[in-house]
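See below for the structure under consideration.
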2 protein chains.
Amino acid sequence: MTHKTTLKDVADAAGVSINTASRALNHKPDVKEETKERILRIAKDLHYVPNAMAQALKGKHTRSIGVIVDDLSNPFFAEVLKGAEEVAASRGYAVTVGNSAEDPKKELHLVRTMIEQRTAGLLITPTQKDSSFISLLHQEPLPFVLVARRFESIATHAVLNDDFSGAYQAVEYLLRQGYQNILFLNAPTYLWSASQRLHGFRQAMEAAGRAIEPWQIQCCLPTLQGSYEGMREILPTLTAAPDAVFAFSDYMALGAIKALREAGLRVPDDIGIMGYDGIDVGDMISPALTTVRIAKRRLGREAARSLIHLVENGPGNAKQTILPPELVIRQSTPERTQAIKDIQ
Amino acid sequence: MTHKTTLKDVADAAGVSINTASRALNHKPDVKEETKERILRIAKDLHYVPNAMAQALKGKHTRSIGVIVDDLSNPFFAEVLKGAEEVAASRGYAVTVGNSAEDPKKELHLVRTMIEQRTAGLLITPTQKDSSFISLLHQEPLPFVLVARRFESIATHAVLNDDFSGAYQAVEYLLRQGYQNILFLNAPTYLWSASQRLHGFRQAMEAAGRAIEPWQIQCCLPTLQGSYEGMREILPTLTAAPDAVFAFSDYMALGAIKALREAGLRVPDDIGIMGYDGIDVGDMISPALTTVRIAKRRLGREAARSLIHLVENGPGNAKQTILPPELVIRQSTPERTQAIKDIQ
DNA sequence: TTGACAAACCGTACCGGTAACGTTAATATT
DNA sequence: AATATTAACGTTACCGGTACGGTTTGTCAA
């Protein structure tokens with residue numbers, strides 16, 4: 001078994017001290033050019049790979065950041081993660097992931113693990129069912145940046161989507177298309193994003209002078225299955241027939257569509273559908289899904305950039321970056337003319 | 001700024017030596033029960049978190065494994081990653097991810113980073129455009145397990161799906177449904193999985209006594225966009241009209257469906273579609289997608305289990321685990337009776 | 001000649017743990 | 001009483017680097 005080559009091996013082979021070898025490899029001064037080149041060559045020949053553990057033990061921080069999300073297999077979070085990985089890798093950082101599964105216990109456990117691993121910083125989409133992990137991070141202290149969500153009453157760094165504006169634009173658009181009875185299929189409002197979008201929905205309706213009936217605001221688990229089952233349960237209870245569904249996410253829109261179709265409704269002829277997120281498959285299904293696109297990758301990239309800045313330059317005042325969403329109009333929300341409405 | 005509490009702090013506070021504190025925290029013998037409890041309590045009060053770096057530096061390996069995949073936002077890999085994370089987290093391991101983006105250069109770079117981070121082992125879905133990362137891993141030596149793919153000529157640990165069988169079953173089923181002109185929209189065959197499925201396709205056709213025309217085997221990039229564009233290009237060049245498309249993945253099936261519909265074909269009335277992978281959205285779209293389900297999460301779990309076994313018990317002979325796929329019949333591949341065929 | 005100064009090294013003390021090996025004092029054995 | 005044994009600690013040497021401060025050698029100026 002080939003003994004893992006250490007800095008000492010390189011130094012010995014080059015006939016210099018460990019110290020000199022270290023300086024040469026780190027391109028620091030006080031090493032003759034000739035010696036430096038020799039050391040570098042030998043290091044390469046011996047396949048020397050520095051031990052990040054030892055470096056981290058000595059220096060301030062490791063070169064890896066942690067990313068904790070709700071659900072790794074949800075394309076929204078997957079894209080965010082991808083963006084973060086992109087930036088991290090380009091800056092020489094490794095990315096350690098955690099899947100909280102929306103379970104605050106697991107979230108806390110993951111944070112603890114990351115602290116143990118001496119992760120340099122943390123990117124996290126909090127479950128928002130519990131904020132105790134924040135005090136843990138504060139007392140370390142370990143820099144962290146919230147992604148896509150924030151706590152109303154706690155000032156932290158965060159990179160967010162303008163969910164209020166996104167929902168506002170969506171509803172404004174739906175009304176402009178002539179929809180009269182919009183059903184908002186939201187996620188639980190302990191999620192910042194959900195409460196923001198609810199806000200947006202309300203404001204847009206109000207601005208258009210529309211009253212909101214209680215049945216128009218519904219809530220279910222933000223998953224494919226959750227929205228499918230939720231929609232099935234909700235449909236029979238409605239006191240009026242919706243002519244459009246605005247879902248919290250594209251995934252939820254897919255689930256809703258399935259439930260609507262099973263109930264005998266034609267999409268988009270009988271009922272329009274609007275999603276949120278802008279996942280790739282939205283454009284591949286039929287009808288292509290109208291949605292509000294979040295710059296997911298960019299969210300991840302910006303967050304990673306912020307975090308790495310914090311790691312390398314020390315803490316700063318809680319700063320929030322808010323990215324603008326983009327309305328993406330496709331085929332699932334055709335125009336409703338008054339004529340058609342009258343016929344109905 | 002609160003100084004990060006170290007083992008020494010705990011020891012001092014408890015009035016014992018560092019060593020005793022260490023033994024107490026690790027539940028090792030030679031510590032009086034009373035002392036041990038005191039130390040544990042103090043450690044908790046001081047929010048002591050062991051430094052994994054220091055432990056790793058001393059011990060054999062870290063408690064984190066690396067996972068490198070083609071594309072984090074592809075639901076197939078996302079599910080695999082999720083499965084791996086599940087097992088790793090439950091065993092106290094952290095998961096470091098890398099996105100190779102099918103780029104062998106980035107793949108190599110990531111492997112190098114993981115080695116630097118002294119990852120205990122590696123899970124990897126190789127790009128298969130280059131196998132040089134393997135020699136890097138061998139000379140470390142760092143245990144690794146390939147996932148979903150393997151190299152024909154290199155014996156390594158691997159956890160695989162039985163892609164031959166999956167494709168065979170798929171084609172057999174399509175033929176049983178009465179399809180006469182199946183188009184196989186495959187991924188590049190340098191991918192082990194693609195070559196295996198091609199094998200399965202061929203064997204199943206042969207077993208049914210069907211000849212394979214050249215146009216029936218096509219290949220394009222294994223992405224949503226790739227299959228959409230690929231299908232658009234392929235369609236006009238076909239010398240015969242396919243009555244079914246068997247795609248390498250569900251994502252590719254989605255892309256293909258869009259291209260087919262744009263070409264004026266009705267799915268599934270004019271042309272049947274079959275995918276592979278069994279991603280969740282397959283069941284939500286219309287028509288619900290017939291597919292071959294891979295136990296993705298389980299793939300990730302088994303791989304992580306194998307790897308952790310290697311890490312903790314030393315290397316063993318290259319062992320391959322092959323998971324059976326499952327045919328999932330839905331609405332995208334309705335029966336074609338001879339009558340219908342004649343009418344056409 | 002000799003002191004000043006810089007270039008190019010080397011020695012050594014950490015970082016925060018773990019583990020092999022001593023040490024001490026109390027109890028058990030003969 | 002003397003020796004053996006053991007429970008319960010403490011000492012110290014690593015692990016693989018980094019960084020601060022010497023030490024050597026050579027050049028140049030006074």
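Letters for chains follow the order of the structure tokens (A, B, ...), residue numbers begin at 1 for each chain, and ligand numbers begin at 1 in the order shown.
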Using only C-alpha atoms (C1' of nucleotides), find which residues of chain A lie within 7 Å of chain D and jot them down as a JSON list (two decimals) with C-alpha atoms, in the first residue's frame.
[["chain", "number", "residue", "atom", "x", "y", "z"],
["A", 51, "ASN", "CA", -4.11, 17.67, 3.55],
["A", 54, "ALA", "CA", -4.15, 19.91, 8.63],
["A", 55, "GLN", "CA", -4.51, 23.24, 6.86],
["A", 58, "LYS", "CA", -4.00, 25.56, 11.63]]
Define the interface residues of chain C facing chain B as those within 9 Å, counting only C-alpha atoms (C1' of nucleotides), and report them as a PyMOL selection string. chain C and resi 15-18
Those same residues - N, CA, C and O atoms (P, O5', C5', C4', C3', O3' and C1' of nucleotides) - I'd like them written as a compact mmCIF listing (two decimals), in the first residue's frame.
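Result went into result_28.txt, see below:
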# COMPACT_ATOMS: atom_id res chain seq x y z
P DC C 15 -2.58 26.65 20.18
O5' DC C 15 -3.63 26.39 19.03
C5' DC C 15 -3.52 26.89 17.71
C4' DC C 15 -4.28 25.98 16.77
C3' DC C 15 -5.18 24.99 17.52
O3' DC C 15 -6.54 25.35 17.34
C1' DC C 15 -3.81 23.89 15.84
P DG C 16 -7.50 25.27 18.62
O5' DG C 16 -7.91 23.74 18.69
C5' DG C 16 -8.73 23.20 17.67
C4' DG C 16 -8.82 21.69 17.85
C3' DG C 16 -9.24 21.25 19.25
O3' DG C 16 -10.16 20.19 19.11
C1' DG C 16 -7.25 20.19 18.65
P DG C 17 -11.09 19.80 20.32
O5' DG C 17 -11.43 18.28 19.95
C5' DG C 17 -10.75 17.25 20.61
C4' DG C 17 -9.97 16.43 19.60
C3' DG C 17 -9.64 15.03 20.09
O3' DG C 17 -10.56 14.12 19.53
C1' DG C 17 -7.70 16.12 19.16
P DT C 18 -10.85 12.76 20.32
O5' DT C 18 -9.55 11.88 20.00
C5' DT C 18 -9.27 11.50 18.67
C4' DT C 18 -8.08 10.57 18.65
C3' DT C 18 -8.21 9.36 19.57
O3' DT C 18 -7.74 8.23 18.86
C1' DT C 18 -6.24 10.58 20.09
Counting only C-alpha atoms, which residues in chain B sit no more than 7 Å from chain A? For each one, give the nearest pair of atoms and the distance in Å, sorted by chain then residue number, as a Markdown table.
| residue | atom | partner | partner_atom | distance |
| --- | --- | --- | --- | --- |
| B:Thr2 | CA | A:Gln139 | CA | 6.9 |
| B:Lys4 | CA | A:Glu140 | CA | 6.3 |
| B:Val49 | CA | A:Glu116 | CA | 6.0 |
| B:Pro50 | CA | A:Glu116 | CA | 5.9 |
| B:Asn51 | CA | A:Glu116 | CA | 5.5 |
| B:Ala52 | CA | A:Gln117 | CA | 5.0 |
| B:Met53 | CA | A:Met53 | CA | 5.0 |
| B:Ala54 | CA | A:Leu57 | CA | 6.4 |
| B:Ala56 | CA | A:Met53 | CA | 6.9 |
| B:Leu57 | CA | A:Met53 | CA | 6.1 |
| B:Leu72 | CA | A:Lys82 | CA | 6.0 |
| B:Ser73 | CA | A:Ala78 | CA | 4.8 |
| B:Pro75 | CA | A:Ser73 | CA | 5.9 |
| B:Ala78 | CA | A:Ser73 | CA | 4.8 |
| B:Glu79 | CA | A:Ser73 | CA | 5.4 |
| B:Lys82 | CA | A:Leu72 | CA | 6.0 |
| B:Ala94 | CA | A:Thr96 | CA | 6.7 |
| B:Val95 | CA | A:Thr96 | CA | 5.4 |
| B:Thr96 | CA | A:Thr96 | CA | 4.1 |
| B:Val97 | CA | A:Val95 | CA | 5.7 |
| B:Glu116 | CA | A:Ala52 | CA | 5.4 |
| B:Gln117 | CA | A:Ala52 | CA | 5.0 |
| B:Arg118 | CA | A:Asn51 | CA | 6.7 |
| B:Gln139 | CA | A:Thr2 | CA | 6.8 |
| B:Glu140 | CA | A:Lys4 | CA | 6.2 |
| B:Leu254 | CA | A:Met284 | CA | 6.0 |
| B:Gly255 | CA | A:Met284 | CA | 6.2 |
| B:Lys258 | CA | A:Met284 | CA | 5.9 |
| B:Met284 | CA | A:Lys258 | CA | 5.9 |
| B:Ile285 | CA | A:Ile285 | CA | 6.8 |
Among segment 30-271 of chain A, which residues carry a DSSP assignment of strand (DSSP E), reported as an mmCIF file with N, CA, C and O atoms, in the first residue's frame?
data_model
loop_
_atom_site.group_PDB
_atom_site.id
_atom_site.type_symbol
_atom_site.label_atom_id
_atom_site.label_comp_id
_atom_site.auth_asym_id
_atom_site.auth_seq_id
_atom_site.Cartn_x
_atom_site.Cartn_y
_atom_site.Cartn_z
ATOM 1 N N SER A 64 -14.695 24.569 2.784
ATOM 2 C CA SER A 64 -15.932 23.941 2.326
ATOM 3 C C SER A 64 -17.123 24.606 2.990
ATOM 4 O O SER A 64 -17.066 25.038 4.137
ATOM 5 N N ILE A 65 -18.183 24.727 2.222
ATOM 6 C CA ILE A 65 -19.390 25.340 2.754
ATOM 7 C C ILE A 65 -20.508 24.305 2.791
ATOM 8 O O ILE A 65 -20.500 23.347 2.022
ATOM 9 N N GLY A 66 -21.434 24.495 3.694
ATOM 10 C CA GLY A 66 -22.549 23.567 3.810
ATOM 11 C C GLY A 66 -23.796 24.131 3.156
ATOM 12 O O GLY A 66 -24.003 25.341 3.147
ATOM 13 N N VAL A 67 -24.584 23.264 2.573
ATOM 14 C CA VAL A 67 -25.856 23.685 1.990
ATOM 15 C C VAL A 67 -26.943 22.754 2.508
ATOM 16 O O VAL A 67 -26.878 21.543 2.304
ATOM 17 N N ILE A 68 -27.915 23.316 3.200
ATOM 18 C CA ILE A 68 -29.008 22.505 3.725
ATOM 19 C C ILE A 68 -30.309 22.937 3.067
ATOM 20 O O ILE A 68 -30.659 24.110 3.090
ATOM 21 N N VAL A 69 -30.980 21.986 2.449
ATOM 22 C CA VAL A 69 -32.250 22.305 1.793
ATOM 23 C C VAL A 69 -33.350 21.355 2.244
ATOM 24 O O VAL A 69 -33.099 20.316 2.838
ATOM 25 N N ALA A 94 -15.372 23.182 -1.333
ATOM 26 C CA ALA A 94 -16.183 21.987 -1.490
ATOM 27 C C ALA A 94 -17.558 22.301 -0.928
ATOM 28 O O ALA A 94 -17.716 23.231 -0.150
ATOM 29 N N VAL A 95 -18.556 21.535 -1.336
ATOM 30 C CA VAL A 95 -19.919 21.757 -0.858
ATOM 31 C C VAL A 95 -20.433 20.519 -0.132
ATOM 32 O O VAL A 95 -20.450 19.438 -0.694
ATOM 33 N N THR A 96 -20.810 20.722 1.102
ATOM 34 C CA THR A 96 -21.376 19.620 1.873
ATOM 35 C C THR A 96 -22.885 19.817 1.937
ATOM 36 O O THR A 96 -23.342 20.899 2.301
ATOM 37 N N VAL A 97 -23.645 18.807 1.547
ATOM 38 C CA VAL A 97 -25.095 18.976 1.508
ATOM 39 C C VAL A 97 -25.818 18.270 2.634
ATOM 40 O O VAL A 97 -25.324 17.316 3.216
ATOM 41 N N GLY A 98 -27.003 18.763 2.900
ATOM 42 C CA GLY A 98 -27.863 18.133 3.885
ATOM 43 C C GLY A 98 -29.290 18.238 3.414
ATOM 44 O O GLY A 98 -29.671 19.234 2.801
ATOM 45 N N ASN A 99 -30.054 17.198 3.665
ATOM 46 C CA ASN A 99 -31.452 17.171 3.268
ATOM 47 C C ASN A 99 -32.294 17.204 4.545
ATOM 48 O O ASN A 99 -32.354 16.224 5.280
ATOM 49 N N GLY A 121 -18.954 27.956 6.400
ATOM 50 C CA GLY A 121 -20.176 28.743 6.442
ATOM 51 C C GLY A 121 -21.337 27.900 5.975
ATOM 52 O O GLY A 121 -21.148 26.791 5.496
ATOM 53 N N LEU A 122 -22.539 28.453 6.104
ATOM 54 C CA LEU A 122 -23.716 27.658 5.802
ATOM 55 C C LEU A 122 -24.709 28.398 4.919
ATOM 56 O O LEU A 122 -25.027 29.559 5.156
ATOM 57 N N LEU A 123 -25.231 27.664 3.926
ATOM 58 C CA LEU A 123 -26.332 28.158 3.109
ATOM 59 C C LEU A 123 -27.527 27.317 3.509
ATOM 60 O O LEU A 123 -27.430 26.086 3.553
ATOM 61 N N ILE A 124 -28.645 27.955 3.796
ATOM 62 C CA ILE A 124 -29.756 27.135 4.267
ATOM 63 C C ILE A 124 -31.126 27.678 3.900
ATOM 64 O O ILE A 124 -31.368 28.884 3.958
ATOM 65 N N PHE A 144 -23.635 32.450 8.019
ATOM 66 C CA PHE A 144 -24.643 31.726 7.234
ATOM 67 C C PHE A 144 -25.519 32.698 6.461
ATOM 68 O O PHE A 144 -25.649 33.862 6.820
ATOM 69 N N VAL A 145 -26.083 32.186 5.389
ATOM 70 C CA VAL A 145 -26.956 32.980 4.536
ATOM 71 C C VAL A 145 -28.220 32.172 4.269
ATOM 72 O O VAL A 145 -28.135 31.015 3.861
ATOM 73 N N LEU A 146 -29.358 32.767 4.528
ATOM 74 C CA LEU A 146 -30.613 32.077 4.233
ATOM 75 C C LEU A 146 -30.911 32.208 2.737
ATOM 76 O O LEU A 146 -30.583 33.213 2.118
ATOM 77 N N VAL A 147 -31.538 31.183 2.194
ATOM 78 C CA VAL A 147 -31.832 31.194 0.772
ATOM 79 C C VAL A 147 -33.319 30.997 0.530
ATOM 80 O O VAL A 147 -33.925 30.075 1.074
ATOM 81 N N ALA A 158 -29.527 37.119 3.719
ATOM 82 C CA ALA A 158 -30.450 36.279 2.956
ATOM 83 C C ALA A 158 -30.410 36.653 1.486
ATOM 84 O O ALA A 158 -30.163 37.805 1.126
ATOM 85 N N VAL A 159 -30.632 35.668 0.655
ATOM 86 C CA VAL A 159 -30.781 35.923 -0.777
ATOM 87 C C VAL A 159 -32.164 35.410 -1.137
ATOM 88 O O VAL A 159 -32.460 34.232 -0.960
ATOM 89 N N LEU A 160 -32.991 36.327 -1.617
ATOM 90 C CA LEU A 160 -34.403 36.005 -1.773
ATOM 91 C C LEU A 160 -34.934 36.291 -3.160
ATOM 92 O O LEU A 160 -34.321 37.020 -3.951
ATOM 93 N N ASN A 161 -36.092 35.718 -3.401
ATOM 94 C CA ASN A 161 -36.820 36.066 -4.603
ATOM 95 C C ASN A 161 -37.888 37.052 -4.161
ATOM 96 O O ASN A 161 -38.395 36.947 -3.046
ATOM 97 N N ILE A 182 -60.296 33.163 -9.405
ATOM 98 C CA ILE A 182 -58.982 32.543 -9.247
ATOM 99 C C ILE A 182 -58.872 31.829 -7.913
ATOM 100 O O ILE A 182 -59.194 32.390 -6.871
ATOM 101 N N LEU A 183 -58.415 30.580 -7.987
ATOM 102 C CA LEU A 183 -58.159 29.836 -6.753
ATOM 103 C C LEU A 183 -56.652 29.854 -6.495
ATOM 104 O O LEU A 183 -55.859 29.496 -7.377
ATOM 105 N N PHE A 184 -56.267 30.306 -5.327
ATOM 106 C CA PHE A 184 -54.844 30.358 -5.007
ATOM 107 C C PHE A 184 -54.497 29.136 -4.164
ATOM 108 O O PHE A 184 -54.905 29.028 -3.006
ATOM 109 N N LEU A 185 -53.747 28.210 -4.757
ATOM 110 C CA LEU A 185 -53.358 26.988 -4.056
ATOM 111 C C LEU A 185 -51.977 27.210 -3.448
ATOM 112 O O LEU A 185 -50.952 26.968 -4.081
ATOM 113 N N ASN A 186 -51.975 27.682 -2.236
ATOM 114 C CA ASN A 186 -50.726 28.113 -1.599
ATOM 115 C C ASN A 186 -50.084 27.016 -0.755
ATOM 116 O O ASN A 186 -50.673 25.966 -0.511
ATOM 117 N N ILE A 217 -58.704 30.978 -1.271
ATOM 118 C CA ILE A 217 -57.367 30.754 -0.716
ATOM 119 C C ILE A 217 -57.294 29.391 -0.047
ATOM 120 O O ILE A 217 -57.964 29.138 0.955
ATOM 121 N N GLN A 218 -56.531 28.516 -0.640
ATOM 122 C CA GLN A 218 -56.402 27.166 -0.122
ATOM 123 C C GLN A 218 -54.931 26.885 0.124
ATOM 124 O O GLN A 218 -54.050 27.588 -0.377
ATOM 125 N N CYS A 219 -54.702 25.864 0.876
ATOM 126 C CA CYS A 219 -53.317 25.571 1.250
ATOM 127 C C CYS A 219 -53.100 24.067 1.326
ATOM 128 O O CYS A 219 -53.968 23.324 1.805
ATOM 129 N N ALA A 244 -59.575 29.534 -12.816
ATOM 130 C CA ALA A 244 -58.119 29.483 -12.883
ATOM 131 C C ALA A 244 -57.557 29.048 -11.527
ATOM 132 O O ALA A 244 -58.154 29.336 -10.486
ATOM 133 N N VAL A 245 -56.451 28.339 -11.577
ATOM 134 C CA VAL A 245 -55.751 27.967 -10.353
ATOM 135 C C VAL A 245 -54.350 28.547 -10.417
ATOM 136 O O VAL A 245 -53.651 28.383 -11.415
ATOM 137 N N PHE A 246 -53.999 29.273 -9.372
ATOM 138 C CA PHE A 246 -52.640 29.804 -9.273
ATOM 139 C C PHE A 246 -51.955 29.012 -8.174
ATOM 140 O O PHE A 246 -52.324 29.112 -7.010
ATOM 141 N N ALA A 247 -50.986 28.186 -8.574
ATOM 142 C CA ALA A 247 -50.348 27.299 -7.611
ATOM 143 C C ALA A 247 -49.048 27.883 -7.074
ATOM 144 O O ALA A 247 -48.382 28.664 -7.741
#
Computed gap from atom CA of Glu312 of chain B to atom CA of His27 of chain B is 19.6 Å
Give me the residues near segment 191-202 of chain B as a PDB file with N, CA, C and O atoms, in the first residue's frame, where near means some atom within 7 Å (using only C-alpha atoms (C1' of nucleotides)) and where sequence neighbours in that chain fewer than 6 positions away do not count.
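Result went into out-v5.pdb, see below:
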ATOM      1  N   GLN B 128     -17.635   8.850 -18.087  1.00  0.00           N
ATOM      2  CA  GLN B 128     -17.223   7.806 -19.033  1.00  0.00           C
ATOM      3  C   GLN B 128     -16.566   8.347 -20.296  1.00  0.00           C
ATOM      4  O   GLN B 128     -16.391   7.629 -21.266  1.00  0.00           O
ATOM      5  N   ARG B 149     -23.369   3.308 -13.440  1.00  0.00           N
ATOM      6  CA  ARG B 149     -22.539   3.064 -14.630  1.00  0.00           C
ATOM      7  C   ARG B 149     -21.290   2.315 -14.212  1.00  0.00           C
ATOM      8  O   ARG B 149     -20.864   2.389 -13.071  1.00  0.00           O
ATOM      9  N   ARG B 150     -20.687   1.632 -15.160  1.00  0.00           N
ATOM     10  CA  ARG B 150     -19.407   0.997 -14.859  1.00  0.00           C
ATOM     11  C   ARG B 150     -18.562   0.989 -16.120  1.00  0.00           C
ATOM     12  O   ARG B 150     -19.045   1.254 -17.229  1.00  0.00           O
ATOM     13  N   PHE B 151     -17.298   0.657 -15.934  1.00  0.00           N
ATOM     14  CA  PHE B 151     -16.421   0.535 -17.089  1.00  0.00           C
ATOM     15  C   PHE B 151     -16.325  -0.936 -17.453  1.00  0.00           C
ATOM     16  O   PHE B 151     -16.073  -1.781 -16.588  1.00  0.00           O
ATOM     17  N   ASP B 163     -29.830  -2.573 -16.630  1.00  0.00           N
ATOM     18  CA  ASP B 163     -30.331  -1.835 -17.786  1.00  0.00           C
ATOM     19  C   ASP B 163     -30.639  -2.726 -18.977  1.00  0.00           C
ATOM     20  O   ASP B 163     -31.525  -2.427 -19.775  1.00  0.00           O
ATOM     21  N   PHE B 164     -29.907  -3.802 -19.070  1.00  0.00           N
ATOM     22  CA  PHE B 164     -30.212  -4.736 -20.156  1.00  0.00           C
ATOM     23  C   PHE B 164     -31.628  -5.255 -19.975  1.00  0.00           C
ATOM     24  O   PHE B 164     -32.468  -5.149 -20.864  1.00  0.00           O
ATOM     25  N   SER B 165     -31.868  -5.769 -18.804  1.00  0.00           N
ATOM     26  CA  SER B 165     -33.182  -6.331 -18.507  1.00  0.00           C
ATOM     27  C   SER B 165     -34.290  -5.296 -18.640  1.00  0.00           C
ATOM     28  O   SER B 165     -35.366  -5.574 -19.170  1.00  0.00           O
ATOM     29  N   ALA B 167     -34.459  -2.575 -20.507  1.00  0.00           N
ATOM     30  CA  ALA B 167     -34.759  -2.274 -21.906  1.00  0.00           C
ATOM     31  C   ALA B 167     -35.438  -3.464 -22.575  1.00  0.00           C
ATOM     32  O   ALA B 167     -36.371  -3.309 -23.366  1.00  0.00           O
ATOM     33  N   TYR B 168     -34.964  -4.629 -22.215  1.00  0.00           N
ATOM     34  CA  TYR B 168     -35.537  -5.843 -22.802  1.00  0.00           C
ATOM     35  C   TYR B 168     -37.027  -5.919 -22.466  1.00  0.00           C
ATOM     36  O   TYR B 168     -37.873  -6.113 -23.333  1.00  0.00           O
ATOM     37  N   VAL B 171     -39.101  -3.234 -24.370  1.00  0.00           N
ATOM     38  CA  VAL B 171     -39.341  -3.524 -25.785  1.00  0.00           C
ATOM     39  C   VAL B 171     -40.298  -4.705 -25.940  1.00  0.00           C
ATOM     40  O   VAL B 171     -41.218  -4.686 -26.764  1.00  0.00           O
TER      41      VAL B 171
END
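When atom CA of Asn181 of chain A is paired with atom CA of Met274 of chain A, their separation reads 13.2 Å.
When only C-alpha atoms are used to measure the gap to Gly275 of chain A, the shortest distance among A:Lys105, A:Arg330, A:His309, A:Lys44 belongs to A:Arg330.
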